[in-house]
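Novice: Following this line is protein19.csv, made up of CSV, C-alpha atoms:
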chain,number,residue,atom,x,y,z
A,1,MET,CA,-3.6,21.4,18.8
A,2,LYS,CA,-4.3,18.0,20.2
A,3,LEU,CA,-5.2,15.2,17.7
A,4,GLU,CA,-6.1,11.6,18.0
A,5,LEU,CA,-3.6,9.1,16.6
A,6,TYR,CA,-4.0,5.4,15.8
A,7,GLN,CA,-1.3,2.9,14.6
A,8,ILE,CA,-2.7,-0.1,12.8
A,9,ASP,CA,-1.0,-3.1,11.1
A,10,ALA,CA,-2.7,-3.7,7.8
A,11,PHE,CA,-3.0,-6.8,5.6
A,12,THR,CA,-2.4,-9.1,8.5
A,13,ASP,CA,-4.3,-10.7,11.4
A,14,GLU,CA,-1.2,-10.7,13.7
A,15,LEU,CA,0.4,-7.8,15.5
A,16,PHE,CA,3.9,-6.9,14.3
A,17,ARG,CA,3.1,-8.3,10.8
A,18,GLY,CA,1.7,-6.6,7.7
A,19,ASN,CA,2.3,-2.9,7.1
A,20,PRO,CA,1.9,-0.4,9.9
A,21,ALA,CA,0.1,2.9,9.1
A,22,CYS,CA,-0.8,5.8,11.3
A,23,VAL,CA,-4.4,7.2,11.1
A,24,VAL,CA,-5.2,10.7,12.2
A,25,PRO,CA,-8.8,12.0,12.2
A,26,LEU,CA,-9.2,15.7,11.6
A,27,LYS,CA,-12.1,18.2,11.8
A,28,GLU,CA,-10.6,20.5,9.1
A,29,TRP,CA,-7.5,20.3,6.9
A,30,LEU,CA,-4.2,21.5,8.4
A,31,PRO,CA,-1.6,23.1,6.2
A,32,ASP,CA,0.1,20.5,4.0
A,33,GLU,CA,3.5,21.4,5.6
A,34,THR,CA,2.0,20.4,9.0
A,35,LEU,CA,0.6,17.1,7.6
A,36,LEU,CA,4.0,16.3,6.1
A,37,LYS,CA,5.7,17.0,9.4
A,38,ILE,CA,3.3,14.7,11.3
A,39,ALA,CA,4.0,12.0,8.8
A,40,MET,CA,7.8,12.5,9.2
A,41,GLU,CA,7.5,12.3,13.0
A,42,ASN,CA,5.4,9.2,12.8
A,43,ALA,CA,8.2,7.5,10.7
A,44,VAL,CA,6.0,4.8,9.2
A,45,ALA,CA,5.5,4.2,5.5
A,46,GLU,CA,2.2,6.1,5.4
A,47,THR,CA,0.1,8.3,7.6
A,48,ALA,CA,-3.5,8.7,6.6
A,49,PHE,CA,-5.5,11.8,7.5
A,50,PHE,CA,-9.3,11.9,7.1
A,51,ILE,CA,-12.3,14.1,7.7
A,52,ASP,CA,-15.7,12.6,8.2
A,53,LEU,CA,-18.1,14.4,5.8
A,54,GLY,CA,-21.1,12.2,6.7
A,55,SER,CA,-22.0,10.3,3.6
A,56,ARG,CA,-18.3,10.0,2.6
A,57,ILE,CA,-14.8,10.4,4.1
A,58,HIS,CA,-12.2,12.7,2.7
A,59,LEU,CA,-8.9,10.8,2.8
A,60,ARG,CA,-5.3,11.8,2.1
A,61,TRP,CA,-2.0,9.8,2.4
A,62,PHE,CA,1.5,11.1,3.3
A,63,THR,CA,4.8,9.3,3.4
A,64,PRO,CA,7.6,10.9,5.4
A,65,GLU,CA,8.6,12.7,2.2
A,66,ILE,CA,5.6,13.3,-0.1
A,67,GLU,CA,1.8,13.2,-0.5
A,68,MET,CA,0.7,10.0,-2.3
A,69,ASP,CA,-2.0,9.6,-5.0
A,70,LEU,CA,-3.0,6.2,-3.7
A,71,CYS,CA,-2.2,3.9,-0.8
A,72,GLY,CA,-3.8,0.6,-0.1
A,73,HIS,CA,-2.6,-0.3,3.3
A,74,ALA,CA,-3.3,3.1,4.8
A,75,THR,CA,-6.8,3.0,3.3
A,76,LEU,CA,-7.4,-0.4,4.9
A,77,ALA,CA,-6.0,0.9,8.2
A,78,THR,CA,-8.4,3.9,8.0
A,79,ALA,CA,-11.4,1.7,7.4
A,80,HIS,CA,-10.4,-0.5,10.3
A,81,CYS,CA,-9.9,2.6,12.5
A,82,LEU,CA,-13.4,3.9,11.6
A,83,ILE,CA,-15.3,0.6,12.0
A,84,SER,CA,-13.4,-1.3,14.7
A,85,VAL,CA,-12.1,1.6,16.9
A,86,LEU,CA,-14.4,4.6,16.3
A,87,ASN,CA,-17.6,2.6,15.9
A,88,TYR,CA,-18.5,4.0,12.4
A,89,ASN,CA,-22.0,2.7,11.8
A,90,ARG,CA,-21.7,1.7,8.2
A,91,ASN,CA,-20.1,-1.5,6.7
A,92,GLU,CA,-19.5,0.4,3.4
A,93,ILE,CA,-17.3,3.5,3.4
A,94,ILE,CA,-16.8,5.8,0.4
A,95,PHE,CA,-13.4,7.6,0.5
A,96,GLU,CA,-13.0,10.8,-1.5
A,97,THR,CA,-9.3,10.8,-2.6
A,98,LYS,CA,-6.9,12.1,-5.2
A,99,SER,CA,-7.5,8.8,-7.2
A,100,GLY,CA,-11.3,9.4,-7.2
A,101,ASP,CA,-13.9,7.7,-5.0
A,102,LEU,CA,-12.7,4.5,-3.3
A,103,LYS,CA,-15.2,2.1,-1.7
A,104,VAL,CA,-14.2,-0.2,1.2
A,105,THR,CA,-16.7,-2.8,2.4
A,106,TYR,CA,-16.3,-4.7,5.7
A,107,ARG,CA,-17.5,-8.3,5.7
A,108,ASP,CA,-16.7,-11.4,7.8
A,109,GLY,CA,-13.5,-9.9,9.2
A,110,LEU,CA,-12.1,-8.7,5.9
A,111,TYR,CA,-11.9,-5.2,4.5
A,112,TYR,CA,-12.6,-5.2,0.7
A,113,LEU,CA,-10.9,-2.3,-1.1
A,114,ASP,CA,-12.4,-1.3,-4.5
A,115,PHE,CA,-9.5,0.3,-6.4
A,116,PRO,CA,-8.7,1.3,-10.0
A,117,SER,CA,-7.0,-1.3,-12.2
A,118,ARG,CA,-3.6,-0.3,-13.6
A,119,MET,CA,-2.6,-2.9,-16.1
A,120,PRO,CA,1.2,-2.5,-16.8
A,121,SER,CA,2.6,-2.3,-20.4
A,122,PRO,CA,5.8,-3.8,-21.7
A,123,SER,CA,8.7,-1.4,-21.0
A,124,SER,CA,12.5,-1.1,-20.8
A,125,LEU,CA,14.4,-0.9,-17.6
A,126,PRO,CA,16.3,2.2,-16.7
A,127,ASP,CA,20.1,1.5,-16.4
A,128,LEU,CA,20.2,2.7,-12.8
A,129,ILE,CA,17.5,0.2,-11.7
A,130,SER,CA,19.2,-2.6,-13.6
A,131,LYS,CA,22.6,-1.9,-12.0
A,132,SER,CA,21.1,-1.7,-8.5
A,133,LEU,CA,19.7,-5.3,-8.8
A,134,ASN,CA,21.6,-8.5,-7.9
A,135,ILE,CA,19.3,-10.6,-10.1
A,136,GLN,CA,18.0,-9.3,-13.4
A,137,PRO,CA,14.3,-9.7,-14.4
A,138,LYS,CA,13.0,-11.9,-17.2
A,139,GLU,CA,10.4,-9.3,-18.3
A,140,VAL,CA,9.8,-5.6,-17.6
A,141,PHE,CA,6.5,-3.8,-17.5
A,142,LYS,CA,5.3,-0.4,-16.3
A,143,SER,CA,2.2,1.5,-15.1
A,144,ARG,CA,2.7,3.9,-12.2
A,145,ASP,CA,5.4,1.5,-10.9
A,146,TYR,CA,7.9,-0.6,-12.8
A,147,VAL,CA,6.8,-4.3,-12.6
A,148,LEU,CA,9.8,-6.7,-12.9
A,149,VAL,CA,8.9,-10.3,-13.5
A,150,TYR,CA,11.1,-13.2,-12.3
A,151,ASP,CA,11.2,-16.9,-12.8
A,152,ASN,CA,10.3,-18.1,-9.3
A,153,GLU,CA,9.6,-17.2,-5.6
A,154,ASP,CA,13.2,-17.9,-4.6
A,155,ASP,CA,14.4,-15.1,-6.9
A,156,ILE,CA,12.0,-12.7,-5.2
A,157,ARG,CA,13.2,-13.7,-1.7
A,158,ASN,CA,16.8,-13.3,-2.8
A,159,ILE,CA,16.7,-9.9,-4.5
A,160,LYS,CA,19.0,-7.3,-3.0
A,161,ILE,CA,19.0,-3.6,-3.9
A,162,ASP,CA,22.2,-1.6,-4.0
A,163,ARG,CA,20.8,1.5,-2.4
A,164,GLN,CA,23.7,3.8,-3.4
A,165,ILE,CA,22.8,3.2,-7.1
A,166,PHE,CA,19.1,2.8,-6.7
A,167,ASP,CA,18.7,6.2,-4.9
A,168,GLN,CA,20.2,8.0,-7.9
A,169,ILE,CA,16.9,7.7,-9.7
A,170,ASN,CA,13.7,9.5,-8.8
A,171,LEU,CA,10.5,7.5,-9.4
A,172,ASP,CA,8.1,9.8,-7.5
A,173,PRO,CA,5.4,8.8,-6.8
A,174,GLY,CA,6.0,5.3,-8.0
A,175,GLY,CA,8.4,2.5,-7.2
A,176,VAL,CA,9.7,-0.9,-8.3
A,177,ILE,CA,7.7,-4.1,-7.9
A,178,VAL,CA,9.5,-7.4,-8.2
A,179,THR,CA,7.1,-10.4,-8.7
A,180,ALA,CA,6.9,-14.1,-9.6
A,181,LYS,CA,4.4,-16.9,-9.5
A,182,GLY,CA,4.1,-18.1,-5.9
A,183,ASP,CA,4.9,-21.5,-4.4
A,184,HIS,CA,2.0,-21.3,-1.8
A,185,SER,CA,0.1,-18.4,-3.4
A,186,ASP,CA,-0.9,-17.4,-6.9
A,187,PHE,CA,1.8,-14.8,-7.0
A,188,VAL,CA,4.4,-13.1,-4.7
A,189,SER,CA,5.9,-9.6,-4.8
A,190,ARG,CA,8.2,-7.1,-3.0
A,191,TYR,CA,8.1,-3.3,-3.4
A,192,PHE,CA,11.0,-0.8,-3.3
A,193,THR,CA,11.0,3.0,-3.4
A,194,SER,CA,14.0,5.0,-4.3
A,195,GLN,CA,15.0,8.1,-2.3
A,196,ALA,CA,12.6,7.2,0.5
A,197,SER,CA,13.3,6.8,4.2
A,198,ILE,CA,11.9,3.3,4.0
A,199,LEU,CA,13.5,1.4,1.1
A,200,GLU,CA,11.2,-1.7,1.1
A,201,ASP,CA,7.5,-1.3,1.8
A,202,PRO,CA,6.2,-4.2,3.9
A,203,VAL,CA,2.9,-4.6,2.1
A,204,THR,CA,1.8,-2.4,-0.8
A,205,GLY,CA,-1.9,-2.4,-1.7
A,206,SER,CA,-1.6,0.1,-4.5
A,207,ALA,CA,1.1,-2.1,-6.3
A,208,HIS,CA,-1.6,-4.7,-6.6
A,209,CYS,CA,-3.6,-2.4,-8.8
A,210,SER,CA,-1.1,-3.5,-11.4
A,211,LEU,CA,-0.3,-7.0,-10.1
A,212,ILE,CA,-3.9,-8.2,-10.0
A,213,PRO,CA,-4.7,-7.6,-13.7
A,214,PHE,CA,-1.3,-8.8,-14.8
A,215,TRP,CA,-1.4,-12.1,-12.9
A,216,SER,CA,-5.1,-12.6,-13.6
A,217,ASP,CA,-4.4,-12.4,-17.3
A,218,ARG,CA,-1.3,-14.6,-17.1
A,219,LEU,CA,-2.8,-17.3,-14.9
A,220,GLY,CA,-6.3,-17.1,-16.4
A,221,LYS,CA,-7.9,-16.6,-13.0
A,222,LYS,CA,-10.2,-13.9,-11.6
A,223,ASP,CA,-9.7,-14.6,-7.9
A,224,LEU,CA,-6.1,-14.7,-6.6
A,225,PHE,CA,-4.3,-15.0,-3.3
A,226,ALA,CA,-1.1,-13.0,-3.0
A,227,MET,CA,1.7,-12.7,-0.6
A,228,GLN,CA,4.2,-9.8,-0.2
A,229,LEU,CA,7.5,-11.3,0.9
A,230,SER,CA,8.8,-8.6,3.1
A,231,GLU,CA,10.2,-9.4,6.6
A,232,ARG,CA,6.8,-8.5,8.1
A,233,LEU,CA,4.8,-10.5,5.4
A,234,GLY,CA,1.5,-9.5,4.0
A,235,LYS,CA,-1.5,-11.5,2.8
A,236,LEU,CA,-3.9,-10.1,0.2
A,237,TYR,CA,-7.1,-11.6,-1.2
A,238,CYS,CA,-7.6,-10.3,-4.7
A,239,GLU,CA,-10.2,-10.2,-7.5
A,240,ASN,CA,-9.9,-8.8,-11.0
A,241,GLN,CA,-13.0,-6.9,-12.1
A,242,GLY,CA,-11.8,-5.5,-15.4
A,243,ASP,CA,-11.3,-1.7,-14.9
A,244,ARG,CA,-11.4,-2.2,-11.1
A,245,VAL,CA,-9.7,-4.5,-8.7
A,246,ILE,CA,-10.7,-5.8,-5.3
A,247,ILE,CA,-8.0,-6.0,-2.7
A,248,ALA,CA,-9.0,-7.6,0.6
A,249,GLY,CA,-7.2,-8.0,3.9
A,250,LYS,CA,-7.4,-7.9,7.7
A,251,ALA,CA,-6.0,-5.5,10.2
A,252,LYS,CA,-5.0,-5.2,13.9
A,253,THR,CA,-4.8,-2.1,16.1
A,254,TYR,CA,-1.4,-1.7,17.6
A,255,ALA,CA,-1.7,1.7,19.5
A,256,ALA,CA,-4.0,4.5,20.2
A,257,GLY,CA,-3.1,7.9,21.6
A,258,HIS,CA,-2.6,11.6,20.9
A,259,LEU,CA,-0.2,14.0,19.2
A,260,TRP,CA,0.3,17.7,19.6
A,261,THR,CA,1.1,20.1,16.7
A,262,GLU,CA,2.2,23.0,18.9
Could you spell out this file's structure in structure tokens?
Specialist:
Amino acid sequence: MKLELYQIDAFTDELFRGNPACVVPLKEWLPDETLLKIAMENAVAETAFFIDLGSRIHLRWFTPEIEMDLCGHATLATAHCLISVLNYNRNEIIFETKSGDLKVTYRDGLYYLDFPSRMPSPSSLPDLISKSLNIQPKEVFKSRDYVLVYDNEDDIRNIKIDRQIFDQINLDPGGVIVTAKGDHSDFVSRYFTSQASILEDPVTGSAHCSLIPFWSDRLGKKDLFAMQLSERLGKLYCENQGDRVIIAGKAKTYAAGHLWTE
């Protein structure tokens, strides 16, 4: 079977920045095993598969290891693929997903993702995570992901993970967010996933479902600008709406082609 394949850099307006995602349009769902094998072969953090149902789009996300319940950058990449590449004739897209209906609106070059809010609660840090970190956090919270709060942006830049220790813990489907108040943004973060082929995710939209309400509360601001300090760097324009968050960003198409499943 021959399928279309697009690779898109999300949460950036520059190629080779942001977070790359592959997007594969389908007419009908293939076996989950095949979807996972495609994601493994693509070897990027997430591959998004979608079926156009007319009034809405059925969307699923796969890492090279598992199916995810929510992925921001691959959702943005799919919206960009639909609107900028496939000439989808609506500026508002409703995605039907495992996390419920997700709305993406395109306006003035930005894709606005309407996602559920996941305010983290105070928590304790598992020993294995603590031992894997070269710098210990000042505060620990948890929602889907552990949220580790640090003093400053330099701490976030300088964090190193001992993967041999870190990979002994299974956080499926979550990960570890490290975050601090930003020097040139409202807040900064990085995101790590244990037992994954890609240790550090370049830009993690779903992590901001927790970061936005947390920093909105702490800074007393509804609108926030965030930066994810991976090597590829990501820029996110955020808004806290109570039980929902808005995560906005840009995208660039890197490649378009085909894949074969047999």
Novice: Around (8.2, 9.2, -4.6), as given in the file, which residues come within 8 Å? Count all atoms listed in the file and list them as JSON, numbers by chain.
Specialist: {"A": [65, 66, 68, 170, 171, 172, 173, 174, 175, 193, 194, 195, 196]}
Novice: Measure the distance from CA of Ala251 (chain A) to CA of Asp69 (chain A) in Å and round it to one decimal.
Specialist: 21.8 Å
Novice: Could you give me, as JSON lines, a per-residue list for region 37-138 of chain A showing, wherever an atom lies at most 9 Å from an atom of region 198-222 of chain A, the closest pair of atoms and their distance in Å to one decimal, using all atoms listed in the file and sorting by chain then residue number from low to high?
Specialist:
{"residue": "A:Ala43", "atom": "CA", "partner": "A:Ile198", "partner_atom": "CA", "distance": 8.7}
{"residue": "A:Val44", "atom": "CA", "partner": "A:Ile198", "partner_atom": "CA", "distance": 8.0}
{"residue": "A:Ala45", "atom": "CA", "partner": "A:Ile198", "partner_atom": "CA", "distance": 6.6}
{"residue": "A:Pro64", "atom": "CA", "partner": "A:Ile198", "partner_atom": "CA", "distance": 8.8}
{"residue": "A:Leu70", "atom": "CA", "partner": "A:Ser206", "partner_atom": "CA", "distance": 6.3}
{"residue": "A:Cys71", "atom": "CA", "partner": "A:Ser206", "partner_atom": "CA", "distance": 5.3}
{"residue": "A:Gly72", "atom": "CA", "partner": "A:Gly205", "partner_atom": "CA", "distance": 3.9}
{"residue": "A:His73", "atom": "CA", "partner": "A:Gly205", "partner_atom": "CA", "distance": 5.5}
{"residue": "A:Ala74", "atom": "CA", "partner": "A:Gly205", "partner_atom": "CA", "distance": 8.6}
{"residue": "A:Thr75", "atom": "CA", "partner": "A:Gly205", "partner_atom": "CA", "distance": 8.8}
{"residue": "A:Leu76", "atom": "CA", "partner": "A:Gly205", "partner_atom": "CA", "distance": 8.8}
{"residue": "A:Phe115", "atom": "CA", "partner": "A:Cys209", "partner_atom": "CA", "distance": 6.9}
{"residue": "A:Pro116", "atom": "CA", "partner": "A:Cys209", "partner_atom": "CA", "distance": 6.4}
{"residue": "A:Ser117", "atom": "CA", "partner": "A:Cys209", "partner_atom": "CA", "distance": 4.9}
{"residue": "A:Arg118", "atom": "CA", "partner": "A:Ser210", "partner_atom": "CA", "distance": 4.6}
{"residue": "A:Met119", "atom": "CA", "partner": "A:Ser210", "partner_atom": "CA", "distance": 5.0}
{"residue": "A:Pro120", "atom": "CA", "partner": "A:Ser210", "partner_atom": "CA", "distance": 6.0}
Novice: Would you mind telling me which residue in A:Glu231, A:Glu46, A:Asp114, A:Asp145 lies nearest to Ile93 (chain A) when using only C-alpha atoms?
Specialist: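 Once distances to Ile93 (chain A) are computed over only C-alpha atoms, the minimum belongs to A:Asp114.
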Novice: Given only C-alpha atoms as the basis, pick out the residue of A:Ser185, A:Thr261, A:Ser132, A:Thr253 nearest to Leu86 (chain A).
Specialist: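 Nearest to Leu86 (chain A): A:Thr253.
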Novice: Since the input lacks atoms, please generate all heavy atoms for region 20-31 of chain A and provide them as a PDB file, keeping the file's coordinate frame.
Specialist:
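That gives us result_6.pdb:
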ATOM      1  N   PRO A  20       2.485  -1.314   8.908  1.00  0.00           N
ATOM      2  CA  PRO A  20       1.900  -0.400   9.900  1.00  0.00           C
ATOM      3  C   PRO A  20       1.623   0.979   9.196  1.00  0.00           C
ATOM      4  O   PRO A  20       2.390   1.486   8.367  1.00  0.00           O
ATOM      5  CB  PRO A  20       3.083  -0.191  10.883  1.00  0.00           C
ATOM      6  CG  PRO A  20       4.327  -0.521  10.129  1.00  0.00           C
ATOM      7  CD  PRO A  20       3.937  -1.535   9.092  1.00  0.00           C
ATOM      8  N   ALA A  21       0.476   1.538   9.554  1.00  0.00           N
ATOM      9  CA  ALA A  21       0.100   2.900   9.100  1.00  0.00           C
ATOM     10  C   ALA A  21      -0.455   3.645  10.292  1.00  0.00           C
ATOM     11  O   ALA A  21      -1.077   3.062  11.190  1.00  0.00           O
ATOM     12  CB  ALA A  21      -0.983   2.792   8.013  1.00  0.00           C
ATOM     13  N   CYS A  22      -0.211   4.940  10.307  1.00  0.00           N
ATOM     14  CA  CYS A  22      -0.800   5.800  11.300  1.00  0.00           C
ATOM     15  C   CYS A  22      -2.070   6.439  10.692  1.00  0.00           C
ATOM     16  O   CYS A  22      -2.083   6.763   9.499  1.00  0.00           O
ATOM     17  CB  CYS A  22       0.145   6.879  11.774  1.00  0.00           C
ATOM     18  SG  CYS A  22       1.453   6.232  12.833  1.00  0.00           S
ATOM     19  N   VAL A  23      -3.097   6.609  11.522  1.00  0.00           N
ATOM     20  CA  VAL A  23      -4.400   7.200  11.100  1.00  0.00           C
ATOM     21  C   VAL A  23      -4.696   8.356  12.004  1.00  0.00           C
ATOM     22  O   VAL A  23      -4.716   8.187  13.226  1.00  0.00           O
ATOM     23  CB  VAL A  23      -5.493   6.158  11.085  1.00  0.00           C
ATOM     24  CG1 VAL A  23      -6.800   6.797  10.617  1.00  0.00           C
ATOM     25  CG2 VAL A  23      -5.135   4.955  10.216  1.00  0.00           C
ATOM     26  N   VAL A  24      -4.945   9.529  11.414  1.00  0.00           N
ATOM     27  CA  VAL A  24      -5.200  10.700  12.200  1.00  0.00           C
ATOM     28  C   VAL A  24      -6.538  11.353  11.743  1.00  0.00           C
ATOM     29  O   VAL A  24      -6.635  11.871  10.620  1.00  0.00           O
ATOM     30  CB  VAL A  24      -4.081  11.777  12.028  1.00  0.00           C
ATOM     31  CG1 VAL A  24      -4.376  13.030  12.852  1.00  0.00           C
ATOM     32  CG2 VAL A  24      -2.729  11.175  12.427  1.00  0.00           C
ATOM     33  N   PRO A  25      -7.585  11.308  12.577  1.00  0.00           N
ATOM     34  CA  PRO A  25      -8.800  12.000  12.200  1.00  0.00           C
ATOM     35  C   PRO A  25      -8.679  13.506  12.405  1.00  0.00           C
ATOM     36  O   PRO A  25      -8.035  13.971  13.348  1.00  0.00           O
ATOM     37  CB  PRO A  25      -9.836  11.447  13.275  1.00  0.00           C
ATOM     38  CG  PRO A  25      -9.152  10.288  13.949  1.00  0.00           C
ATOM     39  CD  PRO A  25      -7.694  10.541  13.829  1.00  0.00           C
ATOM     40  N   LEU A  26      -9.291  14.270  11.484  1.00  0.00           N
ATOM     41  CA  LEU A  26      -9.200  15.700  11.600  1.00  0.00           C
ATOM     42  C   LEU A  26     -10.665  16.297  11.465  1.00  0.00           C
ATOM     43  O   LEU A  26     -11.562  15.664  10.894  1.00  0.00           O
ATOM     44  CB  LEU A  26      -8.413  16.306  10.403  1.00  0.00           C
ATOM     45  CG  LEU A  26      -6.932  15.927  10.330  1.00  0.00           C
ATOM     46  CD1 LEU A  26      -6.322  16.455   9.035  1.00  0.00           C
ATOM     47  CD2 LEU A  26      -6.158  16.450  11.531  1.00  0.00           C
ATOM     48  N   LYS A  27     -10.835  17.498  11.980  1.00  0.00           N
ATOM     49  CA  LYS A  27     -12.100  18.200  11.800  1.00  0.00           C
ATOM     50  C   LYS A  27     -12.016  19.138  10.577  1.00  0.00           C
ATOM     51  O   LYS A  27     -13.019  19.413   9.914  1.00  0.00           O
ATOM     52  CB  LYS A  27     -12.371  19.097  13.044  1.00  0.00           C
ATOM     53  CG  LYS A  27     -12.572  18.289  14.324  1.00  0.00           C
ATOM     54  CD  LYS A  27     -13.813  17.410  14.257  1.00  0.00           C
ATOM     55  CE  LYS A  27     -14.050  16.707  15.584  1.00  0.00           C
ATOM     56  NZ  LYS A  27     -15.155  15.735  15.493  1.00  0.00           N
ATOM     57  N   GLU A  28     -10.822  19.633  10.297  1.00  0.00           N
ATOM     58  CA  GLU A  28     -10.600  20.500   9.100  1.00  0.00           C
ATOM     59  C   GLU A  28      -9.122  20.236   8.697  1.00  0.00           C
ATOM     60  O   GLU A  28      -8.291  19.789   9.498  1.00  0.00           O
ATOM     61  CB  GLU A  28     -10.830  21.937   9.396  1.00  0.00           C
ATOM     62  CG  GLU A  28      -9.973  22.499  10.513  1.00  0.00           C
ATOM     63  CD  GLU A  28     -10.345  23.929  10.858  1.00  0.00           C
ATOM     64  OE1 GLU A  28     -11.502  24.313  10.655  1.00  0.00           O
ATOM     65  OE2 GLU A  28      -9.457  24.646  11.355  1.00  0.00           O
ATOM     66  N   TRP A  29      -8.819  20.556   7.433  1.00  0.00           N
ATOM     67  CA  TRP A  29      -7.500  20.300   6.900  1.00  0.00           C
ATOM     68  C   TRP A  29      -6.465  21.278   7.538  1.00  0.00           C
ATOM     69  O   TRP A  29      -6.702  22.487   7.574  1.00  0.00           O
ATOM     70  CB  TRP A  29      -7.424  20.377   5.413  1.00  0.00           C
ATOM     71  CG  TRP A  29      -8.129  19.213   4.787  1.00  0.00           C
ATOM     72  CD1 TRP A  29      -9.275  19.239   4.054  1.00  0.00           C
ATOM     73  CD2 TRP A  29      -7.746  17.846   4.889  1.00  0.00           C
ATOM     74  NE1 TRP A  29      -9.634  17.968   3.686  1.00  0.00           N
ATOM     75  CE2 TRP A  29      -8.716  17.081   4.180  1.00  0.00           C
ATOM     76  CE3 TRP A  29      -6.680  17.176   5.502  1.00  0.00           C
ATOM     77  CZ2 TRP A  29      -8.639  15.699   4.071  1.00  0.00           C
ATOM     78  CZ3 TRP A  29      -6.618  15.782   5.400  1.00  0.00           C
ATOM     79  CH2 TRP A  29      -7.583  15.065   4.687  1.00  0.00           C
ATOM     80  N   LEU A  30      -5.360  20.727   7.998  1.00  0.00           N
ATOM     81  CA  LEU A  30      -4.200  21.500   8.400  1.00  0.00           C
ATOM     82  C   LEU A  30      -3.371  21.849   7.217  1.00  0.00           C
ATOM     83  O   LEU A  30      -3.502  21.229   6.159  1.00  0.00           O
ATOM     84  CB  LEU A  30      -3.400  20.724   9.457  1.00  0.00           C
ATOM     85  CG  LEU A  30      -4.155  20.236  10.694  1.00  0.00           C
ATOM     86  CD1 LEU A  30      -3.245  19.367  11.559  1.00  0.00           C
ATOM     87  CD2 LEU A  30      -4.703  21.406  11.496  1.00  0.00           C
ATOM     88  N   PRO A  31      -2.450  22.814   7.321  1.00  0.00           N
ATOM     89  CA  PRO A  31      -1.600  23.100   6.200  1.00  0.00           C
ATOM     90  C   PRO A  31      -0.794  21.836   5.771  1.00  0.00           C
ATOM     91  O   PRO A  31      -0.430  21.008   6.626  1.00  0.00           O
ATOM     92  CB  PRO A  31      -0.601  24.156   6.761  1.00  0.00           C
ATOM     93  CG  PRO A  31      -1.365  24.800   7.870  1.00  0.00           C
ATOM     94  CD  PRO A  31      -2.220  23.713   8.466  1.00  0.00           C
TER      95      PRO A  31
END
